[in-house]
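Below is structure-v6.cif, holding mmCIF, C-alpha atoms and all ligand atoms.
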data_my_file
#
loop_
_atom_site.label_atom_id
_atom_site.label_comp_id
_atom_site.auth_asym_id
_atom_site.auth_seq_id
_atom_site.Cartn_x
_atom_site.Cartn_y
_atom_site.Cartn_z
CA MET H 1 54.58 21.41 -8.57
CA ALA H 2 52.84 24.67 -9.50
CA ALA H 3 51.89 25.43 -5.88
CA ASP H 4 55.57 25.50 -4.91
CA ILE H 5 56.52 28.14 -7.47
CA LYS H 6 57.67 31.30 -5.71
CA ILE H 7 56.43 34.38 -7.53
CA ALA H 8 57.45 37.93 -6.58
CA VAL H 9 56.49 41.40 -7.69
CA VAL H 10 59.03 44.23 -7.79
CA PRO H 11 56.82 47.33 -7.87
CA GLY H 12 57.71 50.95 -8.43
CA SER H 13 57.36 54.12 -10.43
CA PHE H 14 60.59 53.49 -12.39
CA ASP H 15 60.56 57.03 -13.84
CA PRO H 16 63.10 56.15 -15.18
CA VAL H 17 64.61 52.83 -14.15
CA THR H 18 68.08 53.34 -12.59
CA ASN H 19 71.09 51.10 -11.97
CA GLY H 20 69.85 50.84 -8.39
CA HIS H 21 66.47 49.47 -9.53
CA LEU H 22 68.19 47.09 -11.91
CA ASP H 23 70.36 45.77 -9.08
CA ILE H 24 67.24 45.00 -7.01
CA ILE H 25 65.44 43.45 -10.00
CA ARG H 26 68.40 41.17 -10.85
CA ARG H 27 68.89 40.04 -7.26
CA THR H 28 65.17 39.33 -6.90
CA ALA H 29 65.12 37.35 -10.16
CA ALA H 30 67.97 35.22 -8.78
CA LEU H 31 65.95 34.41 -5.64
CA PHE H 32 62.49 33.67 -7.05
CA ASP H 33 61.15 31.35 -9.76
CA LYS H 34 59.21 34.10 -11.48
CA VAL H 35 59.33 37.87 -11.07
CA TYR H 36 56.97 40.54 -12.32
CA VAL H 37 58.23 44.10 -12.46
CA CYS H 38 55.10 46.22 -12.10
CA ILE H 39 54.96 49.89 -12.97
CA LEU H 40 52.28 51.44 -10.82
CA ARG H 41 50.85 54.84 -10.37
CA ASN H 42 52.22 56.71 -7.37
CA SER H 43 49.52 59.27 -6.65
CA SER H 44 52.00 61.76 -5.19
CA LYS H 45 54.23 61.88 -8.30
CA LYS H 46 53.89 63.44 -11.74
CA THR H 47 55.93 61.33 -14.14
CA LEU H 48 58.36 62.23 -16.92
CA PHE H 49 57.69 59.06 -18.92
CA SER H 50 54.26 57.52 -19.59
CA ALA H 51 53.53 54.10 -18.11
CA GLU H 52 53.96 52.52 -21.58
CA GLU H 53 57.34 54.21 -22.05
CA ARG H 54 58.51 53.09 -18.60
CA VAL H 55 57.49 49.50 -19.35
CA GLU H 56 59.46 49.64 -22.60
CA LEU H 57 62.56 51.06 -20.87
CA VAL H 58 62.50 48.40 -18.15
CA LYS H 59 61.93 45.66 -20.75
CA ARG H 60 64.93 46.89 -22.74
CA VAL H 61 67.34 46.74 -19.80
CA THR H 62 66.07 43.39 -18.46
CA ALA H 63 65.79 41.53 -21.78
CA ASP H 64 68.46 39.01 -20.65
CA ILE H 65 66.55 37.91 -17.52
CA PRO H 66 64.52 34.84 -18.50
CA ASN H 67 62.16 34.55 -15.51
CA LEU H 68 60.99 38.18 -15.65
CA GLU H 69 57.98 40.00 -17.04
CA VAL H 70 57.33 43.74 -17.08
CA GLU H 71 53.84 45.20 -16.92
CA SER H 72 51.96 48.29 -15.80
CA PHE H 73 48.87 48.32 -13.62
CA ASP H 74 46.43 50.99 -12.56
CA GLY H 75 45.16 50.01 -9.12
CA LEU H 76 46.30 48.54 -5.85
CA LEU H 77 49.61 46.71 -5.83
CA VAL H 78 48.18 43.83 -3.79
CA ASP H 79 45.40 43.33 -6.37
CA TYR H 80 48.00 43.13 -9.11
CA ALA H 81 50.15 40.71 -7.07
CA HIS H 82 47.13 38.51 -6.37
CA SER H 83 46.15 38.48 -10.05
CA ARG H 84 49.60 37.14 -10.93
CA GLY H 85 49.63 34.53 -8.16
CA ALA H 86 52.49 36.33 -6.40
CA GLY H 87 52.97 35.75 -2.68
CA PHE H 88 55.78 38.27 -2.32
CA ILE H 89 56.44 41.95 -2.88
CA VAL H 90 60.13 42.89 -2.98
CA LYS H 91 61.35 46.45 -2.47
CA GLY H 92 64.81 47.96 -2.21
CA LEU H 93 65.76 50.00 0.83
CA ARG H 94 68.47 52.59 0.36
CA ALA H 95 68.66 54.25 3.72
CA VAL H 96 66.81 54.77 6.97
CA SER H 97 65.00 57.66 5.30
CA ASP H 98 63.23 55.16 3.00
CA PHE H 99 62.12 53.03 5.88
CA GLU H 100 59.19 54.95 7.31
CA TYR H 101 57.28 55.24 4.02
CA GLU H 102 58.13 51.72 2.90
CA PHE H 103 57.12 50.29 6.27
CA GLN H 104 53.81 52.15 6.09
CA MET H 105 53.13 50.74 2.60
CA ALA H 106 54.14 47.23 3.69
CA GLN H 107 51.80 47.39 6.70
CA THR H 108 48.95 48.70 4.54
CA ASN H 109 49.49 45.99 1.95
CA LYS H 110 49.62 43.35 4.70
CA SER H 111 46.31 44.50 6.13
CA LEU H 112 44.73 44.57 2.66
CA ARG H 113 46.04 41.09 1.82
CA PRO H 114 47.57 39.16 4.71
CA ASP H 115 48.66 36.33 2.39
CA ILE H 116 51.20 38.56 0.59
CA GLU H 117 54.53 39.18 2.31
CA THR H 118 56.77 42.21 1.68
CA PHE H 119 60.51 41.57 1.63
CA PHE H 120 63.09 44.36 1.73
CA ILE H 121 66.47 44.05 0.06
CA SER H 122 69.14 46.56 0.98
CA THR H 123 70.45 48.39 -2.04
CA SER H 124 74.07 47.74 -2.97
CA ARG H 125 76.32 50.35 -1.37
CA SER H 126 77.32 51.89 -4.69
CA TYR H 127 73.67 52.78 -5.42
CA SER H 128 72.59 53.89 -1.96
CA TYR H 129 72.44 57.56 -3.00
CA LEU H 130 70.68 56.99 -6.31
CA SER H 131 67.08 57.81 -7.22
CA SER H 132 65.08 58.53 -10.36
CA SER H 133 64.65 62.13 -9.12
CA ILE H 134 68.43 62.58 -8.86
CA VAL H 135 68.89 61.22 -12.40
CA LYS H 136 66.29 63.67 -13.77
CA GLU H 137 67.82 66.56 -11.85
CA VAL H 138 71.34 65.89 -13.18
CA ALA H 139 70.06 65.34 -16.75
CA ARG H 140 67.98 68.53 -16.60
CA TYR H 141 71.16 70.55 -16.03
CA GLY H 142 73.12 68.69 -18.69
CA GLY H 143 75.23 66.63 -16.29
CA PRO H 144 76.45 63.10 -17.06
CA ILE H 145 74.07 60.29 -16.07
CA SER H 146 76.11 57.36 -17.39
CA ASP H 147 76.99 56.14 -13.89
CA PHE H 148 73.34 56.20 -12.83
CA VAL H 149 71.34 54.45 -15.54
CA PRO H 150 71.89 51.53 -17.96
CA LYS H 151 73.57 52.79 -21.12
CA GLU H 152 70.73 51.45 -23.33
CA ILE H 153 68.35 54.10 -21.97
CA GLU H 154 70.68 57.07 -21.40
CA LYS H 155 69.77 58.70 -24.72
CA ASP H 156 66.01 58.30 -24.12
CA ILE H 157 66.28 60.22 -20.84
CA ILE H 158 68.40 63.02 -22.25
CA GLU H 159 66.07 63.40 -25.26
CA LYS H 160 62.95 63.33 -23.12
CA ILE H 161 64.31 66.02 -20.85
CA GLY H 162 65.18 68.07 -23.90
CA GLY H 163 68.97 67.98 -23.77
O1 LIG F 201 59.00 53.75 -6.88
P1 LIG F 201 58.00 54.23 -5.86
O2 LIG F 201 57.41 55.56 -6.31
O3 LIG F 201 58.56 54.27 -4.48
O4 LIG F 201 56.80 53.16 -5.86
C1 LIG F 201 55.66 53.36 -5.05
C2 LIG F 201 54.55 52.42 -5.52
C3 LIG F 201 54.19 52.71 -6.97
C4 LIG F 201 55.03 50.97 -5.40
C5 LIG F 201 53.31 52.65 -4.58
O5 LIG F 201 52.92 53.98 -4.67
C6 LIG F 201 52.15 51.73 -4.91
O6 LIG F 201 52.15 50.57 -4.53
N1 LIG F 201 51.15 52.27 -5.65
C7 LIG F 201 49.99 51.50 -6.05
C8 LIG F 201 48.76 51.88 -5.20
C9 LIG F 201 48.72 51.07 -3.91
O7 LIG F 201 48.69 49.85 -3.91
N2 LIG F 201 48.72 51.78 -2.77
C10 LIG F 201 48.59 51.12 -1.47
C11 LIG F 201 49.92 50.91 -0.80
S1 LIG F 201 50.15 52.23 0.33
#

Would you kindly transcribe this structure into structure tokens?
Amino acid sequence: MAADIKIAVVPGSFDPVTNGHLDIIRRTAALFDKVYVCILRNSSKKTLFSAEERVELVKRVTADIPNLEVESFDGLLVDYAHSRGAGFIVKGLRAVSDFEYEFQMAQTNKSLRPDIETFFISTSRSYSYLSSSIVKEVARYGGPISDFVPKEIEKDIIEKIGG
């Protein structure tokens, strides 16, 4: 029955998507009937890739996941989630340092839309140190990023950074 379908949103900046993000996306897709990866504006960040480019990169590395869609949205995450019929927001937590900001966002989203629950998944240990900023920093200085991002998008990052 349609009402029983569990729909989740995995939101983020994904600038660019990393192996850590992909781990969270895959694990979420295994838990829910339908998952939307949503690329949203984070007002405190200036991005390397445009929203359209980030959507394309995430689509490329998730093409094998059947119950997944990738979109961008300019607005509040809870409004996007509501528009897609999603009752859940799923975020990855790497370390205690992530917690304060993530908890603040989860509380804000809960007060904006009490019907949408935020779930946190702890990042796999091998990715606990990883972030899009670290990937960009290493690539900027010509270091290898093959352990950090899916191989299908490695070249795009290096070229974008001007390597
Ligand atoms: O990958 P990030 O940068 O940690 O993702 C943060 C993001 C984009 C999920 C967050 O900034 C967000 O939800 N932005 C949309 C605007 C919004 O809904 N803000 C209210 C929540 S505090």

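Every protein, DNA or RNA residue with an atom at most 9 Å from Asp33 (chain H), where all atoms listed in the file count and chain neighbours fewer than 4 positions away do not, is listed here: Ile5, Lys6, Ile7, Ala8, Ala29 and Asn67 of chain H.
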
Could those selected residues go to a file with C-alpha atoms, as an mmCIF file, keeping the file's coordinate frame?
data_model
loop_
_atom_site.group_PDB
_atom_site.id
_atom_site.type_symbol
_atom_site.label_atom_id
_atom_site.label_comp_id
_atom_site.auth_asym_id
_atom_site.auth_seq_id
_atom_site.Cartn_x
_atom_site.Cartn_y
_atom_site.Cartn_z
ATOM 1 C CA ILE H 5 56.520 28.140 -7.470
ATOM 2 C CA LYS H 6 57.670 31.300 -5.710
ATOM 3 C CA ILE H 7 56.430 34.380 -7.530
ATOM 4 C CA ALA H 8 57.450 37.930 -6.580
ATOM 5 C CA ALA H 29 65.120 37.350 -10.160
ATOM 6 C CA ASN H 67 62.160 34.550 -15.510
#

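CA of Val96 (chain H) lies 11.8 Å from CA of Tyr129 (chain H).
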
Surrounding residues as JSON, numbers by chain, ligand LIG 201 (chain F), max 10 Å, all atoms listed in the file: {"H": [9, 10, 11, 12, 13, 14, 15, 16, 17, 21, 38, 39, 40, 41, 42, 43, 44, 45, 47, 73, 74, 75, 76, 77, 78, 79, 80, 81, 89, 90, 91, 92, 93, 98, 101, 102, 103, 104, 105, 106, 107, 108, 109, 110, 112, 131, 132]}

Close residues, Glu154 (chain H) itself excluded, 12 Å, only C-alpha atoms, min 4 positions apart in chain, as a PyMOL selection string: chain H and resi 16-19+57+60-61+135-136+139+143-150+158-161+163

What is the distance between CA of Ser126 (chain H) and CA of Arg27 (chain H), in Å to one decimal? 14.8 Å

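Distance check against Val35 (chain H) using only C-alpha atoms: of H:Leu68, H:Leu22, H:Ile116, H:Ile134, the minimum falls on H:Leu68.
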
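The smallest atom-to-atom distance between Glu69 (chain H) and any of H:Ile153, H:Leu130, H:Val37, H:Ala86, using only C-alpha atoms, is found for H:Val37.
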
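CA of Thr62 (chain H) sits 19.2 Å away from CA of Arg84 (chain H).
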
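Among the candidates H:Glu71, H:Ile65, H:Tyr127, H:Ala95, the one nearest to Ala30 (chain H) when counting all atoms listed in the file is H:Ile65.
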
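For the set H:Glu56, H:Asp4, H:Asp64, H:Glu137, the residue with the smallest atom-to-atom gap to Ile25 (chain H) is H:Asp64, counting all atoms listed in the file.
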
From the options H:Asp156, H:Asp23, H:Glu100, H:Glu53, which residue's atoms come nearest to Ser124 (chain H), counting all atoms listed in the file? H:Asp23

Some atoms are absent from region 111-128 of chain H, so rebuild N, CA, C and O atoms and return them as a short mmCIF file (atom, residue, chain, number, x, y, z; two decimals), in the coordinates of the input.
data_model
loop_
_atom_site.label_atom_id
_atom_site.label_comp_id
_atom_site.auth_asym_id
_atom_site.auth_seq_id
_atom_site.Cartn_x
_atom_site.Cartn_y
_atom_site.Cartn_z
N SER H 111 47.68 44.50 5.61
CA SER H 111 46.31 44.50 6.13
C SER H 111 45.30 44.32 5.00
O SER H 111 44.23 43.75 5.21
N LEU H 112 45.64 44.78 3.79
CA LEU H 112 44.73 44.57 2.66
C LEU H 112 44.72 43.11 2.23
O LEU H 112 43.68 42.56 1.86
N ARG H 113 45.91 42.50 2.24
CA ARG H 113 46.04 41.09 1.82
C ARG H 113 47.08 40.39 2.68
O ARG H 113 48.27 40.38 2.37
N PRO H 114 46.63 39.78 3.77
CA PRO H 114 47.57 39.16 4.71
C PRO H 114 48.39 38.01 4.11
O PRO H 114 49.43 37.65 4.66
N ASP H 115 47.94 37.46 2.99
CA ASP H 115 48.66 36.33 2.39
C ASP H 115 49.87 36.78 1.56
O ASP H 115 50.64 35.95 1.07
N ILE H 116 50.05 38.07 1.38
CA ILE H 116 51.20 38.56 0.59
C ILE H 116 52.23 39.21 1.51
O ILE H 116 51.91 40.12 2.27
N GLU H 117 53.45 38.69 1.44
CA GLU H 117 54.53 39.18 2.31
C GLU H 117 55.38 40.21 1.56
O GLU H 117 55.69 40.02 0.39
N THR H 118 55.81 41.25 2.27
CA THR H 118 56.77 42.21 1.68
C THR H 118 58.16 41.89 2.20
O THR H 118 58.37 41.76 3.41
N PHE H 119 59.10 41.75 1.28
CA PHE H 119 60.51 41.57 1.63
C PHE H 119 61.28 42.82 1.23
O PHE H 119 61.03 43.39 0.16
N PHE H 120 62.22 43.22 2.08
CA PHE H 120 63.09 44.36 1.73
C PHE H 120 64.49 43.85 1.44
O PHE H 120 65.02 43.03 2.20
N ILE H 121 65.08 44.35 0.37
CA ILE H 121 66.47 44.05 0.06
C ILE H 121 67.24 45.35 0.19
O ILE H 121 66.79 46.39 -0.32
N SER H 122 68.39 45.30 0.88
CA SER H 122 69.14 46.56 0.98
C SER H 122 69.91 46.79 -0.32
O SER H 122 70.52 45.88 -0.89
N THR H 123 69.80 48.00 -0.79
CA THR H 123 70.45 48.39 -2.04
C THR H 123 71.96 48.24 -1.91
O THR H 123 72.52 48.48 -0.84
N SER H 124 72.60 47.83 -2.99
CA SER H 124 74.07 47.74 -2.97
C SER H 124 74.65 49.12 -2.64
O SER H 124 74.10 50.14 -3.04
N ARG H 125 75.76 49.10 -1.89
CA ARG H 125 76.32 50.35 -1.37
C ARG H 125 76.55 51.40 -2.46
O ARG H 125 76.30 52.58 -2.28
N SER H 126 76.98 50.93 -3.63
CA SER H 126 77.32 51.89 -4.69
C SER H 126 76.09 52.63 -5.23
O SER H 126 76.23 53.62 -5.93
N TYR H 127 74.88 52.11 -4.92
CA TYR H 127 73.67 52.78 -5.42
C TYR H 127 72.85 53.41 -4.30
O TYR H 127 71.71 53.83 -4.52
N SER H 128 73.40 53.48 -3.11
CA SER H 128 72.59 53.89 -1.96
C SER H 128 72.12 55.35 -2.06
O SER H 128 71.17 55.74 -1.39
#
